[in-house]
There are 2 protein chains.
Amino acid sequence: VLKPRGVVEQLPAYHPPLSGRQGLRCDFNENAAGCSPRVLKKLRSLDAEDLARYPEREPVEAVLADHFDLRPEEVLLTNGVDEAIHLLCETFLSEGDEVLIPVPTFAMYELFAAATGAVVKKVQAGPQFEFPMRELARQVSPRTRLIAIANPNNPTGAVARAEDLLALADAAPDAALLVDEAYYEFYGATLFKESRRRPNLFVARTFSKAYGLAGLRAGILAGSTEALAAVRRVASPYSVNNVALACLPQALVDQAFVTNYADQICAQRERLQMQLAAWKVRFCPSQANFVLFEVGEAHARFVDAMRARRVLVRDRSRDPGCSGCVRATLGLPHQTDQLIAAMAEVFIELGLVPPGVTP
Amino acid sequence: VLKPRGVVEQLPAYHPPLSGRQGLRCDFNENAAGCSPRVLKKLRSLDAEDLARYPEREPVEAVLADHFDLRPEEVLLTNGVDEAIHLLCETFLSEGDEVLIPVPTFAMYELFAAATGAVVKKVQAGPQFEFPMRELARQVSPRTRLIAIANPNNPTGAVARAEDLLALADAAPDAALLVDEAYYEFYGATLFKESRRRPNLFVARTFSKAYGLAGLRAGILAGSTEALAAVRRVASPYSVNNVALACLPQALVDQAFVTNYADQICAQRERLQMQLAAWKVRFCPSQANFVLFEVGEAHARFVDAMRARRVLVRDRSRDPGCSGCVRATLGLPHQTDQLIAAMAEVFIELGLVPPGVTP
C-alpha cells in the first residue's frame, strides 16, 4: 500500500484562516492600500503572448540585482519567500540534521524543515519577545544545518541586531543562516548586501508586504554566488509566473510609492502603540507593519467581535509564548481610524479595559 | 563550511533555452495562438486588492472539481505540473528509494526525484519510441516508490494504453504512479477520473498547453482523497498566484475555445506528419501538439537555420534514444505554413532531403 514518508504523516497541517475575509484586512500583514499604479497599468497591458509563454526569470533577476547593486548570480527570484525557505531546506537538510528556530515565528520554517526529516529545535524568545540570541548560539551543534530568523520577527515585530546575526552566522559556519527580511521596508536595517560576502548567510525579501503584491507571489533570496548556485540546482525554472515577472520592475521603479507607504505605516504603528499604552494593553514594540498585543483569555471572542465590525485581526494565542495575544496589521490613517474605533468598542463590550481607562 | 547535500551537488543543471525567443515559438509546446479572450478580459479586470491579497486556492479547487465531476478533496491545484511532481517526490521518496522513469521523457521527473536522494532507474523506450511497459513492470521492486509517465509522452508524442497503465499501478501498489496528461487535449484518452478510485494513481493536467496559460503557472493533480491529503501536507498554501486563480474558471468555462484549438492542432499535426512522410523524414507518430523527427547529424545546424528564419524548434538529440532528433510544436494553419516552408528551405540548404524528393 502506498504510504507517505513517516515525517510527512507527522507534519502539522497548516490551514491559515483565508476564507470569508470580508472587511478591513488587518489579519495577514498585507498592504491593504494596494500596489503602485504603475503595476496595475502594466498588468492591464499584458497580452495573450505574456500568458502563453513559459516564464523567463533571468532578465528580471538582472533587473533586481541592478536595483540592489548586486550581481545577478547573487539573486534568486522565488515563488514568494515560501519557495525560498523550501529550497533552502531541500538544498541543505538531510534526515536527522538539526534546524534552529527562535519562536514564536513564521510557521513555514518549521513546516518545510520538518518535511525533510530534520530535527527542529525551537528556542523560546524572552519575556518581552526579545530574540534569544545567546541561547541560539549555545544550541548550535555540528549537526546544525539551518537557522531561520525573521527580522523583524512575525508575529512579534521584534528585531535582532545586525551584529548579533552576523556573530551567529560566524558561530555556525556549517549551517545556512536565513535572515527573512519580509518586513524590511518598515524597519530599515538590513543584511541584504552582507549575504554576498558570507558563504552561509542568505537574506530573503518579499513583494508581498510593502509592495502590496502578495497575490503575485514573488520573493527574493540573496546569497553568495556559490551558495545560491547550489540552491538553483533544486529550483524549478518556471516557478515565478509571467505576471509577476512583468510587474516587478514597475514595482521597483516606483520607490517613492513604497517609501511613502512605509512612512505612513510607521506613523500609524506609533499611533496604535500609543493608543494601546493609553489603554494599558500590553504589546510588543514593533518594527514591522503589525502590532502584537495581549487581550488575555478573551482572545477568540475579541477576534470574533472585531470580525462582527468587519475588521479582521489574527488570533496568535497558540503561538509559543503568545498566550492571549492578537495581531493587527496596520494600514493607512483612515484604516487605522477604523481599526482603533473597532478595538475601542470591543474592549468595552468584552469588559477588557482596566478601571479608570476610557477607550 | 556550508555544503549542500551530496545529491544536490550531483544534480544535473537544467537550463532550458529560454532566452532570445524571437519568432514563431515552436520550441516549448506552448499555445502560440494564445488563450481564450475571456481570460484576457478577466486579467484586465483585476484590481489592486486582487494583487495585494494572499491567494486562496480552495474555492478554485472546488470549481475545478465541479468541472471534472470530482470532489474538491480529489483535486490539488499546483504551481504548474512542476510543483505537482516536486510534491509527489517530497511526499513519497526517501534516500535510497527507487523511481522508475521510461525515457526519453520530460526532464523534471528525474530532477525532482534525484533531489530527494532516490535512485532513478531509466527504462529505454522501444525503437519506435513505444512505451516499455513490460520492462517497467519487470523493474518494479519493493523499493519502487514512484513511477512517472507522461502520456502522451514528451518529446515523442507516443502514448501508453490505459489498461497497461492501470496494470502497472496494480503491479506496483507501494509506489505512486504519476500519469502526466499535460497533452491530454490533443489526445483524448485519460485516467483522470480513475485516480479517485486508485490509492496509488495520480493524474496531472496543465493549463500551460492547450489553454495557452504557461505564463500563469497552473497545474492540477488528481488523486484519491487520502493520497492527496498526504501531498497537501507538504504543499505551500500560497503557491498558486491570484491571477491564475482568477483566470482559471474563465479558461474552463470557455471549453469551445479549447476544443476548437485542439481540433486545429490535431489537423495540423496530421498535415506535418504527411509532409514529413513525403520528405521521407522519420518521425514519431504523435498524439500531442508537437512532432519529433529525425534530422541526423545536422540537428544543431537545422535548429540554427530554422532560427535564422525566425522559427524556433527544439534540438532533442541529447535525449536518450533521440540522437539526431528535433521537436517542432504545432500551431494554427498559418503558423504551420510558416513552419513547413522554413523546414523545406532548411532541408534543401543542409542537403538533407533524399534524392528524388522535392521539398
# chains A, B, ... in the order shown; residues from 1 in each chain; ligands from 1

call {"tool": "closest_atom_pairs", "arguments": {"of": "chain A", "to": "chain B", "cutoff": "6 Å", "atoms": "only C-alpha atoms", "output": "Markdown table"}}
result
| residue | atom | partner | partner_atom | distance |
| --- | --- | --- | --- | --- |
| A:Val1 | CA | B:Asp174 | CA | 4.6 |
| A:Leu2 | CA | B:Asp174 | CA | 4.3 |
| A:Pro4 | CA | B:Phe92 | CA | 4.8 |
| A:Arg5 | CA | B:Phe92 | CA | 5.4 |
| A:Ala13 | CA | B:Arg233 | CA | 5.8 |
| A:Gly34 | CA | B:Ala48 | CA | 4.9 |
| A:Arg44 | CA | B:Arg44 | CA | 4.8 |
| A:Ala48 | CA | B:Gly34 | CA | 4.9 |
| A:Leu51 | CA | B:Gly215 | CA | 4.4 |
| A:Ala52 | CA | B:Gly212 | CA | 4.6 |
| A:Arg53 | CA | B:Gly215 | CA | 5.2 |
| A:Tyr54 | CA | B:Gly215 | CA | 5.0 |
| A:Pro55 | CA | B:Gly215 | CA | 5.5 |
| A:Thr91 | CA | B:Pro4 | CA | 5.4 |
| A:Phe92 | CA | B:Pro4 | CA | 4.8 |
| A:Pro173 | CA | B:Val1 | CA | 5.3 |
| A:Asp174 | CA | B:Leu2 | CA | 4.3 |
| A:Ala175 | CA | B:Leu2 | CA | 5.7 |
| A:Asn200 | CA | B:Leu2 | CA | 5.9 |
| A:Gly212 | CA | B:Ala52 | CA | 4.6 |
| A:Leu213 | CA | B:Ala52 | CA | 4.6 |
| A:Ala214 | CA | B:Ala52 | CA | 5.0 |
| A:Gly215 | CA | B:Leu51 | CA | 4.4 |
| A:Leu216 | CA | B:Asn241 | CA | 5.2 |
| A:Arg217 | CA | B:Asn241 | CA | 5.9 |
| A:Arg233 | CA | B:Ala13 | CA | 5.8 |
| A:Asn241 | CA | B:Leu216 | CA | 5.2 |
| A:Asn242 | CA | B:Gly215 | CA | 4.8 |

call {"tool": "residues_around", "arguments": {"residues": "Glu345 (chain A)", "least_positions_apart": "5", "cutoff": "12 Å", "atoms": "only C-alpha atoms", "output": "ChimeraX atom specification"}}
result
/A:302,305-306,308-309,311,338-340,350-353,358-359

call {"tool": "write_last_selection", "arguments": {"atoms": "all heavy atoms", "output": "short mmCIF file (atom, residue, chain, number, x, y, z; two decimals), in the first residue's frame"}}
result
data_model
loop_
_atom_site.label_atom_id
_atom_site.label_comp_id
_atom_site.auth_asym_id
_atom_site.auth_seq_id
_atom_site.Cartn_x
_atom_site.Cartn_y
_atom_site.Cartn_z
N PHE A 302 -12.49 38.31 21.20
CA PHE A 302 -12.03 39.59 20.67
C PHE A 302 -11.98 39.56 19.14
O PHE A 302 -12.52 40.46 18.47
CB PHE A 302 -10.63 39.90 21.25
CG PHE A 302 -10.08 41.23 20.82
CD1 PHE A 302 -10.33 42.39 21.55
CD2 PHE A 302 -9.31 41.34 19.66
CE1 PHE A 302 -9.82 43.62 21.15
CE2 PHE A 302 -8.81 42.56 19.25
CZ PHE A 302 -9.06 43.71 20.00
N ALA A 305 -15.49 39.47 17.74
CA ALA A 305 -16.20 40.76 17.88
C ALA A 305 -15.65 41.79 16.89
O ALA A 305 -16.38 42.63 16.37
CB ALA A 305 -16.09 41.27 19.32
N MET A 306 -14.35 41.72 16.63
CA MET A 306 -13.76 42.60 15.61
C MET A 306 -14.32 42.24 14.24
O MET A 306 -14.68 43.11 13.44
CB MET A 306 -12.23 42.47 15.61
CG MET A 306 -11.55 43.03 16.85
SD MET A 306 -11.62 44.85 16.96
CE MET A 306 -10.42 45.32 15.70
N ALA A 308 -17.13 40.94 13.57
CA ALA A 308 -18.52 41.40 13.51
C ALA A 308 -18.57 42.87 13.11
O ALA A 308 -19.55 43.34 12.53
CB ALA A 308 -19.21 41.18 14.85
N ARG A 309 -17.50 43.60 13.41
CA ARG A 309 -17.39 45.01 12.99
C ARG A 309 -16.63 45.15 11.67
O ARG A 309 -16.15 46.23 11.33
CB ARG A 309 -16.71 45.81 14.10
CG ARG A 309 -17.63 46.06 15.28
CD ARG A 309 -16.90 46.46 16.53
NE ARG A 309 -17.85 46.75 17.60
CZ ARG A 309 -18.38 45.82 18.40
NH1 ARG A 309 -18.04 44.55 18.26
NH2 ARG A 309 -19.25 46.16 19.34
N VAL A 311 -13.69 44.15 10.84
CA VAL A 311 -12.24 44.36 10.91
C VAL A 311 -11.61 43.01 11.27
O VAL A 311 -11.90 42.44 12.32
CB VAL A 311 -11.87 45.42 11.97
CG1 VAL A 311 -10.34 45.57 12.03
CG2 VAL A 311 -12.53 46.76 11.64
N GLN A 338 -10.44 53.16 11.61
CA GLN A 338 -11.44 52.09 11.68
C GLN A 338 -11.00 50.98 12.64
O GLN A 338 -11.80 50.49 13.45
CB GLN A 338 -11.64 51.53 10.26
CG GLN A 338 -12.88 50.68 10.08
CD GLN A 338 -12.95 50.07 8.68
OE1 GLN A 338 -12.33 50.56 7.73
NE2 GLN A 338 -13.73 49.00 8.54
N LEU A 339 -9.72 50.63 12.56
CA LEU A 339 -9.18 49.58 13.44
C LEU A 339 -9.30 50.00 14.91
O LEU A 339 -9.81 49.24 15.75
CB LEU A 339 -7.71 49.32 13.08
CG LEU A 339 -6.91 48.42 14.03
CD1 LEU A 339 -7.42 46.97 13.96
CD2 LEU A 339 -5.41 48.45 13.70
N ILE A 340 -8.87 51.20 15.22
CA ILE A 340 -8.85 51.66 16.62
C ILE A 340 -10.28 51.84 17.15
O ILE A 340 -10.59 51.46 18.29
CB ILE A 340 -8.01 52.95 16.76
CG1 ILE A 340 -6.52 52.61 16.57
CG2 ILE A 340 -8.24 53.62 18.12
CD1 ILE A 340 -5.58 53.80 16.66
N LEU A 350 -16.27 43.63 25.79
CA LEU A 350 -15.76 42.45 26.49
C LEU A 350 -15.30 42.78 27.91
O LEU A 350 -14.80 41.91 28.61
CB LEU A 350 -14.63 41.81 25.69
CG LEU A 350 -14.97 41.36 24.27
CD1 LEU A 350 -13.77 40.70 23.61
CD2 LEU A 350 -16.16 40.39 24.26
N GLY A 351 -15.46 44.04 28.31
CA GLY A 351 -15.05 44.41 29.67
C GLY A 351 -13.56 44.25 29.91
O GLY A 351 -13.14 43.84 30.99
N LEU A 352 -12.77 44.60 28.88
CA LEU A 352 -11.34 44.29 28.97
C LEU A 352 -10.47 45.47 29.38
O LEU A 352 -9.28 45.30 29.62
CB LEU A 352 -10.85 43.76 27.62
CG LEU A 352 -11.35 42.37 27.27
CD1 LEU A 352 -10.92 42.00 25.87
CD2 LEU A 352 -10.82 41.35 28.27
N VAL A 353 -11.00 46.65 29.42
CA VAL A 353 -10.16 47.81 29.70
C VAL A 353 -10.09 48.03 31.21
O VAL A 353 -11.10 47.93 31.91
CB VAL A 353 -10.71 49.06 28.97
CG1 VAL A 353 -9.95 50.30 29.39
CG2 VAL A 353 -10.62 48.84 27.47
N THR A 358 -10.59 55.11 29.73
CA THR A 358 -11.72 55.23 28.81
C THR A 358 -11.25 55.00 27.37
O THR A 358 -10.47 55.79 26.87
CB THR A 358 -12.33 56.65 28.88
OG1 THR A 358 -12.33 57.06 30.23
CG2 THR A 358 -13.71 56.67 28.29
N PRO A 359 -11.67 53.96 26.77
CA PRO A 359 -11.25 53.75 25.38
C PRO A 359 -11.90 54.78 24.45
O PRO A 359 -12.99 55.25 24.72
CB PRO A 359 -11.74 52.35 25.04
CG PRO A 359 -12.30 51.77 26.29
CD PRO A 359 -12.59 52.90 27.24
#

call {"tool": "residues_around", "arguments": {"residues": "Ala137 (chain A)", "least_positions_apart": "4", "cutoff": "9 Å", "atoms": "only C-alpha atoms", "output": "VMD selection string"}}
result
chain A and resid 132 to 133 167 to 168 171 to 172

call {"tool": "residues_around", "arguments": {"residues": "Val203 (chain B)", "least_positions_apart": "5", "cutoff": "8 Å", "atoms": "only C-alpha atoms", "output": "number ranges by chain"}}
result
B: 178-181, 191-192, 195, 221-223

call {"tool": "closest_residue", "arguments": {"among": "B:Val357, B:Ala113, B:Ile220, B:Leu166", "to": "Val81 (chain B)", "atoms": "only C-alpha atoms"}}
result
B:Ile220

call {"tool": "select_by_dssp", "arguments": {"residues": "region 7-98 of chain B", "states": "strand (DSSP E or B)", "output": "compact mmCIF listing (two decimals) with all heavy atoms, in the first residue's frame"}}
result
# COMPACT_ATOMS: atom_id res chain seq x y z
N LEU B 24 8.54 32.59 -34.42
CA LEU B 24 7.44 31.65 -34.19
C LEU B 24 7.90 30.61 -33.17
O LEU B 24 8.86 29.87 -33.41
CB LEU B 24 7.05 30.99 -35.52
CG LEU B 24 5.91 29.97 -35.45
CD1 LEU B 24 4.61 30.61 -34.99
CD2 LEU B 24 5.73 29.30 -36.82
N ARG B 25 7.19 30.54 -32.05
CA ARG B 25 7.65 29.70 -30.93
C ARG B 25 7.13 28.26 -31.09
O ARG B 25 6.08 27.91 -30.57
CB ARG B 25 7.19 30.31 -29.61
CG ARG B 25 7.90 31.62 -29.29
CD ARG B 25 7.40 32.28 -28.02
NE ARG B 25 6.14 32.97 -28.23
CZ ARG B 25 4.97 32.62 -27.72
NH1 ARG B 25 4.88 31.60 -26.91
NH2 ARG B 25 3.89 33.31 -28.00
N VAL B 75 -8.71 16.94 -5.79
CA VAL B 75 -8.06 17.86 -6.73
C VAL B 75 -7.12 18.78 -5.96
O VAL B 75 -7.52 19.42 -4.99
CB VAL B 75 -9.13 18.72 -7.44
CG1 VAL B 75 -8.47 19.84 -8.23
CG2 VAL B 75 -9.98 17.84 -8.35
N LEU B 76 -5.86 18.85 -6.40
CA LEU B 76 -4.91 19.81 -5.84
C LEU B 76 -4.44 20.71 -6.97
O LEU B 76 -3.97 20.23 -8.00
CB LEU B 76 -3.72 19.08 -5.20
CG LEU B 76 -2.61 19.97 -4.64
CD1 LEU B 76 -3.09 20.76 -3.43
CD2 LEU B 76 -1.38 19.13 -4.28
N LEU B 77 -4.58 22.02 -6.75
CA LEU B 77 -4.11 22.98 -7.74
C LEU B 77 -2.65 23.27 -7.42
O LEU B 77 -2.29 23.48 -6.25
CB LEU B 77 -4.97 24.24 -7.60
CG LEU B 77 -4.96 25.29 -8.69
CD1 LEU B 77 -5.27 24.70 -10.04
CD2 LEU B 77 -6.00 26.36 -8.33
N THR B 78 -1.80 23.25 -8.45
CA THR B 78 -0.36 23.42 -8.20
C THR B 78 0.24 24.51 -9.09
O THR B 78 -0.36 24.92 -10.09
CB THR B 78 0.39 22.10 -8.49
OG1 THR B 78 0.12 21.70 -9.83
CG2 THR B 78 -0.05 21.00 -7.53
N GLU B 98 13.54 3.81 -4.89
CA GLU B 98 13.71 3.71 -6.34
C GLU B 98 12.57 4.38 -7.09
O GLU B 98 11.41 4.32 -6.67
CB GLU B 98 13.81 2.23 -6.76
CG GLU B 98 15.12 1.60 -6.31
CD GLU B 98 15.19 0.11 -6.63
OE1 GLU B 98 14.28 -0.41 -7.32
OE2 GLU B 98 16.14 -0.52 -6.18

call {"tool": "residues_around", "arguments": {"residues": "Val159 (chain B)", "least_positions_apart": "5", "cutoff": "8 Å", "atoms": "only C-alpha atoms", "output": "number ranges by chain"}}
result
B: 130-131, 151-153, 287
